[in-house]
Structure formats: structure tokens, C-alpha cells
file structure28.pdb (PDB, C-alpha atoms and all ligand atoms)
ATOM      1  CA  MET A   1       5.806 -49.509 -42.397  1.00  0.00           C
ATOM      2  CA  LYS A   2       3.773 -52.674 -41.796  1.00  0.00           C
ATOM      3  CA  TYR A   3       2.072 -50.859 -38.924  1.00  0.00           C
ATOM      4  CA  TYR A   4       0.752 -48.241 -41.339  1.00  0.00           C
ATOM      5  CA  PHE A   5      -0.485 -51.001 -43.616  1.00  0.00           C
ATOM      6  CA  CYS A   6      -2.570 -52.543 -40.810  1.00  0.00           C
ATOM      7  CA  LEU A   7      -4.057 -49.147 -40.054  1.00  0.00           C
ATOM      8  CA  LEU A   8      -4.887 -48.544 -43.682  1.00  0.00           C
ATOM      9  CA  ILE A   9      -6.946 -51.703 -44.041  1.00  0.00           C
ATOM     10  CA  MET A  10      -9.565 -49.921 -41.987  1.00  0.00           C
ATOM     11  CA  GLU A  11      -9.304 -46.594 -43.797  1.00  0.00           C
ATOM     12  CA  LYS A  12     -11.040 -45.378 -46.944  1.00  0.00           C
ATOM     13  CA  LYS A  13      -9.332 -45.982 -50.272  1.00  0.00           C
ATOM     14  CA  ILE A  14      -8.115 -42.959 -52.179  1.00  0.00           C
ATOM     15  CA  ILE A  15      -6.609 -42.046 -55.549  1.00  0.00           C
ATOM     16  CA  ILE A  16      -3.023 -40.805 -55.476  1.00  0.00           C
ATOM     17  CA  THR A  17      -1.599 -39.002 -58.498  1.00  0.00           C
ATOM     18  CA  ILE A  18       2.107 -38.365 -59.010  1.00  0.00           C
ATOM     19  CA  ASP A  19       3.059 -35.999 -61.820  1.00  0.00           C
ATOM     20  CA  GLY A  20       6.286 -34.256 -62.715  1.00  0.00           C
ATOM     21  CA  TRP A  21       9.217 -33.927 -65.087  1.00  0.00           C
ATOM     22  CA  SER A  22      10.930 -36.877 -66.733  1.00  0.00           C
ATOM     23  CA  SER A  23      13.250 -38.918 -64.513  1.00  0.00           C
ATOM     24  CA  CYS A  24      12.261 -37.263 -61.270  1.00  0.00           C
ATOM     25  CA  GLY A  25      11.797 -40.572 -59.494  1.00  0.00           C
ATOM     26  CA  LYS A  26       8.014 -40.596 -59.885  1.00  0.00           C
ATOM     27  CA  SER A  27       7.759 -44.295 -60.625  1.00  0.00           C
ATOM     28  CA  THR A  28      10.085 -45.299 -57.778  1.00  0.00           C
ATOM     29  CA  LEU A  29       7.919 -43.419 -55.322  1.00  0.00           C
ATOM     30  CA  ALA A  30       4.628 -44.535 -56.883  1.00  0.00           C
ATOM     31  CA  LYS A  31       5.623 -48.215 -56.795  1.00  0.00           C
ATOM     32  CA  GLN A  32       6.777 -48.077 -53.179  1.00  0.00           C
ATOM     33  CA  LEU A  33       3.730 -46.139 -52.089  1.00  0.00           C
ATOM     34  CA  ALA A  34       1.392 -48.620 -53.777  1.00  0.00           C
ATOM     35  CA  LYS A  35       3.175 -51.519 -52.066  1.00  0.00           C
ATOM     36  CA  GLU A  36       2.975 -49.956 -48.635  1.00  0.00           C
ATOM     37  CA  LEU A  37      -0.703 -49.153 -49.026  1.00  0.00           C
ATOM     38  CA  GLY A  38      -1.681 -52.370 -50.807  1.00  0.00           C
ATOM     39  CA  TYR A  39      -2.813 -50.250 -53.778  1.00  0.00           C
ATOM     40  CA  VAL A  40      -2.597 -50.846 -57.536  1.00  0.00           C
ATOM     41  CA  TYR A  41       0.269 -49.030 -59.269  1.00  0.00           C
ATOM     42  CA  VAL A  42      -0.184 -47.769 -62.824  1.00  0.00           C
ATOM     43  CA  ASP A  43       2.679 -46.372 -64.896  1.00  0.00           C
ATOM     44  CA  SER A  44       0.768 -44.213 -67.393  1.00  0.00           C
ATOM     45  CA  GLY A  45       3.987 -43.352 -69.245  1.00  0.00           C
ATOM     46  CA  ALA A  46       4.354 -47.053 -70.102  1.00  0.00           C
ATOM     47  CA  MET A  47       1.069 -46.809 -72.022  1.00  0.00           C
ATOM     48  CA  TYR A  48       2.367 -43.928 -74.181  1.00  0.00           C
ATOM     49  CA  ARG A  49       5.625 -45.818 -74.668  1.00  0.00           C
ATOM     50  CA  ALA A  50       3.838 -49.022 -75.742  1.00  0.00           C
ATOM     51  CA  ILE A  51       1.706 -47.048 -78.218  1.00  0.00           C
ATOM     52  CA  THR A  52       4.922 -45.465 -79.556  1.00  0.00           C
ATOM     53  CA  LEU A  53       6.505 -48.890 -79.971  1.00  0.00           C
ATOM     54  CA  TYR A  54       3.484 -50.043 -81.976  1.00  0.00           C
ATOM     55  CA  PHE A  55       3.628 -46.898 -84.150  1.00  0.00           C
ATOM     56  CA  LEU A  56       7.360 -47.390 -84.790  1.00  0.00           C
ATOM     57  CA  ARG A  57       6.976 -51.056 -85.675  1.00  0.00           C
ATOM     58  CA  ASN A  58       4.104 -50.292 -88.042  1.00  0.00           C
ATOM     59  CA  ASN A  59       5.543 -47.086 -89.540  1.00  0.00           C
ATOM     60  CA  VAL A  60       2.524 -45.061 -88.519  1.00  0.00           C
ATOM     61  CA  ASP A  61       2.745 -41.526 -89.871  1.00  0.00           C
ATOM     62  CA  LEU A  62       2.046 -39.257 -86.898  1.00  0.00           C
ATOM     63  CA  ALA A  63       0.866 -36.444 -89.157  1.00  0.00           C
ATOM     64  CA  GLU A  64      -1.896 -38.611 -90.640  1.00  0.00           C
ATOM     65  CA  LYS A  65      -4.855 -38.579 -88.234  1.00  0.00           C
ATOM     66  CA  LYS A  66      -6.632 -41.389 -90.096  1.00  0.00           C
ATOM     67  CA  GLU A  67      -3.588 -43.647 -89.824  1.00  0.00           C
ATOM     68  CA  VAL A  68      -3.210 -42.857 -86.153  1.00  0.00           C
ATOM     69  CA  LYS A  69      -6.873 -43.597 -85.402  1.00  0.00           C
ATOM     70  CA  LYS A  70      -6.744 -46.850 -87.378  1.00  0.00           C
ATOM     71  CA  ALA A  71      -3.599 -47.948 -85.560  1.00  0.00           C
ATOM     72  CA  LEU A  72      -5.129 -47.207 -82.149  1.00  0.00           C
ATOM     73  CA  LYS A  73      -7.988 -49.590 -82.966  1.00  0.00           C
ATOM     74  CA  ASN A  74      -5.423 -52.387 -83.247  1.00  0.00           C
ATOM     75  CA  ILE A  75      -3.793 -51.692 -79.907  1.00  0.00           C
ATOM     76  CA  ASN A  76      -4.706 -53.549 -76.759  1.00  0.00           C
ATOM     77  CA  LEU A  77      -2.851 -52.580 -73.597  1.00  0.00           C
ATOM     78  CA  GLU A  78      -2.871 -54.542 -70.361  1.00  0.00           C
ATOM     79  CA  PHE A  79      -0.936 -54.501 -67.105  1.00  0.00           C
ATOM     80  CA  ILE A  80      -0.192 -57.969 -65.714  1.00  0.00           C
ATOM     81  CA  PHE A  81       1.529 -58.631 -62.402  1.00  0.00           C
ATOM     82  CA  SER A  82       4.904 -60.376 -62.660  1.00  0.00           C
ATOM     83  CA  SER A  83       6.057 -62.342 -59.626  1.00  0.00           C
ATOM     84  CA  LYS A  84       9.611 -62.143 -61.020  1.00  0.00           C
ATOM     85  CA  SER A  85       9.852 -58.352 -60.938  1.00  0.00           C
ATOM     86  CA  ASN A  86       7.203 -58.050 -58.224  1.00  0.00           C
ATOM     87  CA  ASN A  87       5.533 -55.361 -60.316  1.00  0.00           C
ATOM     88  CA  SER A  88       2.847 -55.049 -62.927  1.00  0.00           C
ATOM     89  CA  GLU A  89       4.279 -55.113 -66.453  1.00  0.00           C
ATOM     90  CA  ILE A  90       2.758 -53.769 -69.636  1.00  0.00           C
ATOM     91  CA  TYR A  91       1.546 -55.982 -72.487  1.00  0.00           C
ATOM     92  CA  LEU A  92       0.992 -54.728 -76.009  1.00  0.00           C
ATOM     93  CA  ASN A  93      -1.381 -57.076 -77.864  1.00  0.00           C
ATOM     94  CA  ASP A  94      -0.425 -59.951 -75.522  1.00  0.00           C
ATOM     95  CA  GLU A  95       3.339 -59.336 -75.790  1.00  0.00           C
ATOM     96  CA  ASN A  96       5.274 -58.271 -72.717  1.00  0.00           C
ATOM     97  CA  VAL A  97       6.989 -55.019 -73.785  1.00  0.00           C
ATOM     98  CA  GLU A  98       7.889 -53.712 -70.328  1.00  0.00           C
ATOM     99  CA  TYR A  99      11.607 -53.704 -71.135  1.00  0.00           C
ATOM    100  CA  LEU A 100      11.468 -52.917 -74.868  1.00  0.00           C
ATOM    101  CA  ILE A 101       9.623 -49.653 -74.236  1.00  0.00           C
ATOM    102  CA  ARG A 102      12.539 -48.291 -72.156  1.00  0.00           C
ATOM    103  CA  ASP A 103      14.694 -48.265 -75.294  1.00  0.00           C
ATOM    104  CA  MET A 104      16.184 -44.954 -76.481  1.00  0.00           C
ATOM    105  CA  LEU A 105      14.400 -45.319 -79.867  1.00  0.00           C
ATOM    106  CA  VAL A 106      11.076 -45.209 -78.059  1.00  0.00           C
ATOM    107  CA  ALA A 107      12.238 -42.412 -75.737  1.00  0.00           C
ATOM    108  CA  GLU A 108      13.105 -40.264 -78.737  1.00  0.00           C
ATOM    109  CA  LYS A 109       9.595 -40.491 -80.217  1.00  0.00           C
ATOM    110  CA  VAL A 110       7.307 -40.877 -77.226  1.00  0.00           C
ATOM    111  CA  SER A 111       6.749 -37.184 -76.485  1.00  0.00           C
ATOM    112  CA  ASP A 112       5.594 -36.564 -80.055  1.00  0.00           C
ATOM    113  CA  VAL A 113       3.199 -39.497 -79.837  1.00  0.00           C
ATOM    114  CA  ALA A 114       1.912 -38.411 -76.410  1.00  0.00           C
ATOM    115  CA  ALA A 115       1.140 -34.955 -77.817  1.00  0.00           C
ATOM    116  CA  ILE A 116      -1.469 -36.348 -80.247  1.00  0.00           C
ATOM    117  CA  LYS A 117      -5.049 -35.672 -79.103  1.00  0.00           C
ATOM    118  CA  GLU A 118      -6.422 -39.038 -80.277  1.00  0.00           C
ATOM    119  CA  VAL A 119      -3.632 -40.909 -78.498  1.00  0.00           C
ATOM    120  CA  ARG A 120      -4.335 -39.065 -75.260  1.00  0.00           C
ATOM    121  CA  GLU A 121      -8.077 -39.711 -75.466  1.00  0.00           C
ATOM    122  CA  PHE A 122      -7.364 -43.406 -76.002  1.00  0.00           C
ATOM    123  CA  ALA A 123      -4.995 -43.630 -73.021  1.00  0.00           C
ATOM    124  CA  VAL A 124      -6.934 -41.366 -70.640  1.00  0.00           C
ATOM    125  CA  ALA A 125     -10.191 -43.323 -71.071  1.00  0.00           C
ATOM    126  CA  GLN A 126      -8.399 -46.518 -70.008  1.00  0.00           C
ATOM    127  CA  GLN A 127      -6.633 -44.815 -67.114  1.00  0.00           C
ATOM    128  CA  GLN A 128      -9.898 -43.431 -65.765  1.00  0.00           C
ATOM    129  CA  LYS A 129     -11.469 -46.911 -65.883  1.00  0.00           C
ATOM    130  CA  MET A 130      -8.595 -48.274 -63.793  1.00  0.00           C
ATOM    131  CA  GLY A 131      -9.406 -45.761 -61.050  1.00  0.00           C
ATOM    132  CA  THR A 132     -13.104 -46.460 -60.610  1.00  0.00           C
ATOM    133  CA  LYS A 133     -12.543 -48.576 -57.497  1.00  0.00           C
ATOM    134  CA  LYS A 134      -9.920 -46.168 -56.101  1.00  0.00           C
ATOM    135  CA  GLY A 135      -6.986 -47.672 -54.168  1.00  0.00           C
ATOM    136  CA  ILE A 136      -4.650 -46.672 -56.982  1.00  0.00           C
ATOM    137  CA  VAL A 137      -1.382 -44.783 -57.407  1.00  0.00           C
ATOM    138  CA  MET A 138      -0.824 -43.504 -60.945  1.00  0.00           C
ATOM    139  CA  ASP A 139       2.159 -41.526 -62.164  1.00  0.00           C
ATOM    140  CA  GLY A 140       2.522 -39.425 -65.320  1.00  0.00           C
ATOM    141  CA  ARG A 141       2.186 -35.835 -66.509  1.00  0.00           C
ATOM    142  CA  ASP A 142      -1.554 -35.072 -66.509  1.00  0.00           C
ATOM    143  CA  ILE A 143      -2.862 -37.466 -63.880  1.00  0.00           C
ATOM    144  CA  GLY A 144      -3.762 -34.839 -61.284  1.00  0.00           C
ATOM    145  CA  THR A 145      -4.939 -32.287 -63.845  1.00  0.00           C
ATOM    146  CA  VAL A 146      -6.865 -34.335 -66.436  1.00  0.00           C
ATOM    147  CA  VAL A 147      -7.156 -38.035 -65.580  1.00  0.00           C
ATOM    148  CA  PHE A 148      -8.187 -37.710 -61.917  1.00  0.00           C
ATOM    149  CA  PRO A 149      -8.854 -34.022 -61.240  1.00  0.00           C
ATOM    150  CA  LYS A 150     -10.702 -34.995 -58.054  1.00  0.00           C
ATOM    151  CA  ALA A 151      -7.974 -37.256 -56.660  1.00  0.00           C
ATOM    152  CA  GLU A 152      -7.651 -37.068 -52.884  1.00  0.00           C
ATOM    153  CA  LEU A 153      -3.851 -36.745 -52.953  1.00  0.00           C
ATOM    154  CA  LYS A 154      -1.864 -35.099 -55.722  1.00  0.00           C
ATOM    155  CA  ILE A 155       1.914 -34.979 -55.627  1.00  0.00           C
ATOM    156  CA  PHE A 156       4.027 -32.962 -58.060  1.00  0.00           C
ATOM    157  CA  MET A 157       7.640 -34.109 -58.077  1.00  0.00           C
ATOM    158  CA  THR A 158      10.672 -32.060 -58.963  1.00  0.00           C
ATOM    159  CA  ALA A 159      14.449 -32.489 -58.721  1.00  0.00           C
ATOM    160  CA  ASP A 160      17.507 -30.580 -59.942  1.00  0.00           C
ATOM    161  CA  ASN A 161      18.202 -31.100 -63.637  1.00  0.00           C
ATOM    162  CA  ALA A 162      21.767 -32.321 -63.107  1.00  0.00           C
ATOM    163  CA  ILE A 163      20.589 -34.922 -60.600  1.00  0.00           C
ATOM    164  CA  ARG A 164      17.872 -36.129 -62.956  1.00  0.00           C
ATOM    165  CA  VAL A 165      20.353 -36.518 -65.816  1.00  0.00           C
ATOM    166  CA  GLN A 166      22.743 -38.461 -63.561  1.00  0.00           C
ATOM    167  CA  ARG A 167      20.005 -40.803 -62.338  1.00  0.00           C
ATOM    168  CA  ARG A 168      18.717 -41.487 -65.838  1.00  0.00           C
ATOM    169  CA  PHE A 169      22.231 -41.969 -67.212  1.00  0.00           C
ATOM    170  CA  LYS A 170      23.015 -44.542 -64.519  1.00  0.00           C
ATOM    171  CA  GLU A 171      19.832 -46.436 -65.328  1.00  0.00           C
ATOM    172  CA  LEU A 172      20.427 -46.478 -69.103  1.00  0.00           C
ATOM    173  CA  TYR A 173      24.174 -47.110 -68.886  1.00  0.00           C
ATOM    174  CA  GLU A 174      23.533 -50.472 -67.217  1.00  0.00           C
ATOM    175  CA  LYS A 175      21.674 -51.590 -70.344  1.00  0.00           C
ATOM    176  CA  ASN A 176      23.736 -49.707 -72.917  1.00  0.00           C
ATOM    177  CA  PRO A 177      27.346 -48.753 -72.027  1.00  0.00           C
ATOM    178  CA  ASN A 178      27.650 -46.812 -75.309  1.00  0.00           C
ATOM    179  CA  ILE A 179      25.225 -44.159 -74.186  1.00  0.00           C
ATOM    180  CA  THR A 180      26.658 -40.716 -73.402  1.00  0.00           C
ATOM    181  CA  ILE A 181      25.616 -38.236 -70.750  1.00  0.00           C
ATOM    182  CA  GLU A 182      25.010 -35.653 -73.511  1.00  0.00           C
ATOM    183  CA  GLU A 183      22.492 -37.921 -75.235  1.00  0.00           C
ATOM    184  CA  VAL A 184      20.621 -38.467 -71.991  1.00  0.00           C
ATOM    185  CA  LYS A 185      20.633 -34.740 -71.172  1.00  0.00           C
ATOM    186  CA  ASN A 186      19.373 -33.778 -74.635  1.00  0.00           C
ATOM    187  CA  ASN A 187      16.630 -36.391 -74.552  1.00  0.00           C
ATOM    188  CA  LEU A 188      15.419 -35.267 -71.111  1.00  0.00           C
ATOM    189  CA  GLU A 189      15.410 -31.607 -72.122  1.00  0.00           C
ATOM    190  CA  MET A 190      13.570 -32.361 -75.350  1.00  0.00           C
ATOM    191  CA  ARG A 191      10.922 -34.471 -73.596  1.00  0.00           C
ATOM    192  CA  ASP A 192      10.380 -31.896 -70.852  1.00  0.00           C
ATOM    193  CA  TYR A 193       9.984 -29.175 -73.458  1.00  0.00           C
ATOM    194  CA  ILE A 194       7.477 -31.079 -75.594  1.00  0.00           C
ATOM    195  CA  ASP A 195       5.564 -32.420 -72.556  1.00  0.00           C
ATOM    196  CA  SER A 196       5.114 -28.951 -71.068  1.00  0.00           C
ATOM    197  CA  HIS A 197       4.464 -27.051 -74.322  1.00  0.00           C
ATOM    198  CA  ARG A 198       2.054 -29.343 -76.149  1.00  0.00           C
ATOM    199  CA  GLU A 199      -1.461 -28.124 -76.856  1.00  0.00           C
ATOM    200  CA  VAL A 200      -3.337 -31.044 -75.294  1.00  0.00           C
ATOM    201  CA  SER A 201      -2.926 -31.623 -71.533  1.00  0.00           C
ATOM    202  CA  PRO A 202       0.544 -30.105 -71.124  1.00  0.00           C
ATOM    203  CA  LEU A 203       2.509 -30.961 -67.999  1.00  0.00           C
ATOM    204  CA  ARG A 204       1.285 -28.611 -65.267  1.00  0.00           C
ATOM    205  CA  LYS A 205       1.236 -28.713 -61.515  1.00  0.00           C
ATOM    206  CA  ALA A 206      -2.414 -29.032 -60.442  1.00  0.00           C
ATOM    207  CA  LYS A 207      -3.489 -26.143 -58.218  1.00  0.00           C
ATOM    208  CA  ASP A 208      -4.118 -28.505 -55.320  1.00  0.00           C
ATOM    209  CA  ALA A 209      -0.970 -30.629 -55.816  1.00  0.00           C
ATOM    210  CA  LEU A 210       1.718 -30.769 -53.151  1.00  0.00           C
ATOM    211  CA  GLU A 211       5.238 -30.255 -54.440  1.00  0.00           C
ATOM    212  CA  LEU A 212       7.896 -32.771 -53.460  1.00  0.00           C
ATOM    213  CA  ASP A 213      11.477 -31.867 -54.383  1.00  0.00           C
ATOM    214  CA  ASN A 214      13.585 -34.989 -53.992  1.00  0.00           C
ATOM    215  CA  THR A 215      16.981 -33.545 -55.010  1.00  0.00           C
ATOM    216  CA  ASN A 216      18.343 -34.191 -51.543  1.00  0.00           C
ATOM    217  CA  LEU A 217      16.077 -37.013 -50.438  1.00  0.00           C
ATOM    218  CA  THR A 218      16.794 -40.729 -50.406  1.00  0.00           C
ATOM    219  CA  PRO A 219      14.018 -42.987 -51.759  1.00  0.00           C
ATOM    220  CA  LYS A 220      13.284 -43.977 -48.162  1.00  0.00           C
ATOM    221  CA  GLU A 221      12.914 -40.356 -47.057  1.00  0.00           C
ATOM    222  CA  GLN A 222      10.645 -39.436 -49.934  1.00  0.00           C
ATOM    223  CA  LEU A 223       8.517 -42.506 -49.263  1.00  0.00           C
ATOM    224  CA  SER A 224       8.000 -41.650 -45.625  1.00  0.00           C
ATOM    225  CA  LYS A 225       6.966 -38.077 -46.523  1.00  0.00           C
ATOM    226  CA  ALA A 226       4.486 -39.284 -49.157  1.00  0.00           C
ATOM    227  CA  LEU A 227       3.166 -42.035 -46.903  1.00  0.00           C
ATOM    228  CA  ALA A 228       2.432 -39.546 -44.153  1.00  0.00           C
ATOM    229  CA  LEU A 229       0.483 -37.407 -46.640  1.00  0.00           C
ATOM    230  CA  ALA A 230      -1.457 -40.430 -47.882  1.00  0.00           C
ATOM    231  CA  ILE A 231      -2.339 -41.613 -44.406  1.00  0.00           C
ATOM    232  CA  ALA A 232      -3.622 -38.165 -43.472  1.00  0.00           C
ATOM    233  CA  LYS A 233      -5.892 -38.210 -46.547  1.00  0.00           C
ATOM    234  CA  THR A 234      -7.326 -41.648 -45.865  1.00  0.00           C
ATOM    235  CA  LYS A 235      -8.580 -40.368 -42.508  1.00  0.00           C
ATOM    236  CA  LYS A 236     -10.403 -37.301 -43.784  1.00  0.00           C
TER     237      LYS A 236
HETATM  238  O1  LIG B 301       7.054 -41.216 -67.551  1.00  0.00           O
HETATM  239  P1  LIG B 301       7.719 -41.616 -68.847  1.00  0.00           P
HETATM  240  O2  LIG B 301       9.061 -40.978 -69.065  1.00  0.00           O
HETATM  241  O3  LIG B 301       7.775 -43.094 -69.045  1.00  0.00           O
HETATM  242  O4  LIG B 301       6.756 -41.033 -69.982  1.00  0.00           O
HETATM  243  C1  LIG B 301       7.016 -41.236 -71.340  1.00  0.00           C
HETATM  244  C2  LIG B 301       6.445 -40.080 -72.137  1.00  0.00           C
HETATM  245  O5  LIG B 301       5.022 -40.120 -72.109  1.00  0.00           O
HETATM  246  C3  LIG B 301       6.869 -38.693 -71.686  1.00  0.00           C
HETATM  247  O6  LIG B 301       7.526 -38.017 -72.716  1.00  0.00           O
HETATM  248  C4  LIG B 301       5.605 -37.965 -71.354  1.00  0.00           C
HETATM  249  C5  LIG B 301       4.495 -38.847 -71.814  1.00  0.00           C
HETATM  250  N1  LIG B 301       3.450 -38.971 -70.796  1.00  0.00           N
HETATM  251  C6  LIG B 301       2.364 -38.144 -70.912  1.00  0.00           C
HETATM  252  O7  LIG B 301       2.315 -37.305 -71.798  1.00  0.00           O
HETATM  253  N2  LIG B 301       1.342 -38.266 -70.030  1.00  0.00           N
HETATM  254  C7  LIG B 301       1.388 -39.157 -69.056  1.00  0.00           C
HETATM  255  N3  LIG B 301       0.365 -39.268 -68.204  1.00  0.00           N
HETATM  256  C8  LIG B 301       2.518 -40.007 -68.908  1.00  0.00           C
HETATM  257  C9  LIG B 301       3.556 -39.872 -69.798  1.00  0.00           C
END
call {"tool": "encode", "arguments": {"input": "structure28.pdb", "output": "C-alpha cells", "more": "lines below"}}
Ligand code: DC
result
Amino acid sequence: MKYYFCLLIMEKKIIITIDGWSSCGKSTLAKQLAKELGYVYVDSGAMYRAITLYFLRNNVDLAEKKEVKKALKNINLEFIFSSKSNNSEIYLNDENVEYLIRDMLVAEKVSDVAAIKEVREFAVAQQQKMGTKKGIVMDGRDIGTVVFPKAELKIFMTADNAIRVQRRFKELYEKNPNITIEEVKNNLEMRDYIDSHREVSPLRKAKDALELDNTNLTPKEQLSKALALAIAKTKK
């Protein structure tokens, strides 16, 4: 892997987008890919989650456009690198909320919040700014279709539903042993439905995205496939 890194120092920087269904392993791949390439990693879902946390804390009525717009004016989002986790973590108005936003309460509301036009405009403008210098890997739902439609490499990830539920359950169970597999399954299904049926920027595979099904792949295998694709693009 380090060999590739040395090669890449001399290559052009690109934008890599990773979109797909919830709990497909997008962020695992995006983080690893960014590390190998020396790129910035941005978890766009964390932005929608942090906005949701703010809305929940401040009882923002999602049906009231004026309230939503006013609330967005009071939100400042930032990613700051943590040497402890070795990753960038999200800050909401100077508070580290990286772990709070993974809570089930946020997960239950986030798709509704992410479906609001004003929320998307707010988040997309910031995401596009982060990509101006390229050398970025961003994961989400509309990154290859809306945020960076001209990205050099677009990956669309999929995995069997049962596998996704198992992976997500394992992750959440470590933090909350009371959680049931049914709850996790229902939440995933609900989020996938809302994310792919909303009016504004629904989850779609970009025409020029390459599909990566990781049902039977280990993280190491999926990384080496994606890395090979990225390296080919940096040479073009
Ligand atoms: O990737 P995630 O599960 O953390 O995303 C949380 C929610 O945010 C998910 O329901 C879809 C939404 N989202 C979105 O609409 N657009 C993005 N670019 C990223 C996430």
C-alpha cells in the first residue's frame, strides 16, 4: 500500500465520491481510501446528522420553512482531525458531536431532515467548497449526482440487506445492548425508502458510477479494488 502512496504523490489529485444505501460500508471504504491516498475524508452524512441533532435539541418544526431557515443560520459545522480516533470528527457550534450523532434518536429523524430542500442547499454548498482543491473522498447519497457531478471517480456501493442489518446491529449493539435486530432492520428500511423517494436529490446511482457490491468482500478486498480504480484515474 505504501508503494501506491509514493506513486500517488506524483499523480494528479482527483475527487472520489462514494454513494449508496445506508450501512453498506461506505464510510469504512472512504476512510481507508483517503488514508492510503493522503486525501481528505468527508462524511457528508455526519453533516445531516449534526443538523438533525440541532433541530431535535431546539424543537425545530420541520414543517415550518421559516423556522428551519432561521435554525440553519445558527448552525456552524466543522470537521476537525482527532489524533485519538485518527479521523476527522464533526463539530456543531464548537461542540464535538461525532459520537452523539450516531444515536438512534438522530437516526430516526435524519432522513426527514435530509429531505428538506433548504437543509440540502445548506449542506451541499459547504461540501462543494471542501472539494475545490480536490484530493478528497466524500461519501453520502448524492455526492456523485449533485455535489460533484464531474468527479473523476464515482463508486456506488451495495450489499445484501441481511448483511447490512447484521453489520449495523453489531455496531449499535456495542453501544446499546438493548437494541433489537428488528429495530435496526426497520430503521434501515425506513431510511433507504425516504432517501431514495424524496423529491430533492434522491439516492440514485450516477450514470458514470461504478458499482461495488461488498456482500462477499472483506474491507481489505474492497479497499484494494477501489484503490486500483483510483490509481487508474489519477493517471488519466
Ligand atoms: O450516511 P449516514 O447514514 O450517516 O446518513 C445519514 C442520513 O443522511 C441518511 O438517512 C441519508 C442522509 N444523507 C443524505 O441525504 N445525503 C448525503 N449526502 C448523506 C447522507
call {"tool": "residues_near_ligand", "arguments": {"input": "structure28.pdb", "ligand": "ligand LIG 301 (chain B)", "cutoff": "6 Å", "atoms": "only C-alpha atoms and all ligand atoms", "output": "PyMOL selection string"}}
result
chain A and resi 22+44-46+48-49+110-111+114+140-143+191+195
call {"tool": "resolve_selection", "arguments": {"input": "structure28.pdb", "expression": "the PyMOL selection byres (((chain A and resi 161) around 10) and not hetatm)", "output": "PyMOL selection string"}}
result
chain A and resi 21-24+158-160+162-167+185+188-189+215
call {"tool": "residues_around", "arguments": {"input": "structure28.pdb", "residues": "segment 66-70 of chain A", "least_positions_apart": "3", "cutoff": "9 Å", "atoms": "only C-alpha atoms", "output": "compact mmCIF listing (two decimals) with C-alpha atoms, in the coordinates of the input"}}
result
# COMPACT_ATOMS: atom_id res chain seq x y z
CA PHE A 55 3.63 -46.90 -84.15
CA VAL A 60 2.52 -45.06 -88.52
CA ASP A 61 2.74 -41.53 -89.87
CA LEU A 62 2.05 -39.26 -86.90
CA ALA A 63 0.87 -36.44 -89.16
CA LYS A 73 -7.99 -49.59 -82.97
CA ASN A 74 -5.42 -52.39 -83.25
CA ILE A 116 -1.47 -36.35 -80.25
CA GLU A 118 -6.42 -39.04 -80.28
CA VAL A 119 -3.63 -40.91 -78.50
call {"tool": "resolve_selection", "arguments": {"input": "structure28.pdb", "expression": "the PyMOL selection byres (((chain A and resi 92) around 7) and not hetatm)", "output": "list of chain:residue names"}}
result
A:Ala50, A:Ile75, A:Asn76, A:Leu77, A:Glu78, A:Ile90, A:Tyr91, A:Asn93, A:Asp94, A:Glu95, A:Asn96, A:Val97
call {"tool": "closest_residue", "arguments": {"input": "structure28.pdb", "among": "A:Val42, A:Leu100, A:Ala115, A:Leu203", "to": "Thr28 of chain A", "atoms": "all atoms listed in the file"}}
result
A:Val42
call {"tool": "resolve_selection", "arguments": {"input": "structure28.pdb", "expression": "the PyMOL selection byres (((chain A and resi 201) around 8) and not hetatm)", "output": "NGL selection string"}}
result
:A and (142 or 145-146 or 198-200 or 202-203)
call {"tool": "axis_aligned_box", "arguments": {"input": "structure28.pdb", "around": "segment 13-18 of chain A", "padding_each_side": "6 Å", "output": "JSON"}}
result
{"center_x": -3.6, "center_y": -42.2, "center_z": -54.6, "size_x": 23.4, "size_y": 19.6, "size_z": 20.7}
call {"tool": "atom_distance", "arguments": {"input": "structure28.pdb", "atom1": "atom CA of Glu11 of chain A", "atom2": "atom CA of Ile231 of chain A"}}
result
8.6 Å
call {"tool": "closest_residue", "arguments": {"input": "structure28.pdb", "among": "A:Asn176, A:Lys205, A:Thr52, A:Gly38", "to": "Lys109 of chain A", "atoms": "all atoms listed in the file"}}
result
A:Thr52
call {"tool": "residues_around", "arguments": {"input": "structure28.pdb", "residues": "Gly144 of chain A", "least_positions_apart": "5", "cutoff": "6 Å", "atoms": "all atoms listed in the file", "output": "PyMOL selection string"}}
result
chain A and resi 17+149+154
call {"tool": "closest_residue", "arguments": {"input": "structure28.pdb", "among": "A:Ile16, A:Asp103, A:Lys150, A:Gln222", "to": "Leu37 of chain A", "atoms": "only C-alpha atoms"}}
result
A:Ile16
call {"tool": "atom_distance", "arguments": {"input": "structure28.pdb", "atom1": "atom CA of Lys133 of chain A", "atom2": "atom CA of Glu152 of chain A"}}
result
13.3 Å
call {"tool": "closest_residue", "arguments": {"input": "structure28.pdb", "among": "A:Glu98, A:Gly25, A:Asn59, A:Gln127", "to": "Glu171 of chain A", "atoms": "only C-alpha atoms"}}
result
A:Gly25
call {"tool": "closest_residue", "arguments": {"input": "structure28.pdb", "among": "A:Ile155, A:Ile101, A:Met130, A:Val124", "to": "Lys26 of chain A", "atoms": "only C-alpha atoms"}}
result
A:Ile155
call {"tool": "closest_residue", "arguments": {"input": "structure28.pdb", "among": "A:Lys220, A:Lys117, A:Lys235, A:Arg102", "to": "Glu36 of chain A", "atoms": "only C-alpha atoms"}}
result
A:Lys220
call {"tool": "atom_distance", "arguments": {"input": "structure28.pdb", "atom1": "atom CA of Ser82 of chain A", "atom2": "atom CA of Asp139 of chain A"}}
result
19.1 Å
call {"tool": "residues_around", "arguments": {"input": "structure28.pdb", "residues": "Thr234 of chain A", "least_positions_apart": "6", "cutoff": "7 Å", "atoms": "all atoms listed in the file", "output": "number ranges by chain"}}
result
A: 11-14
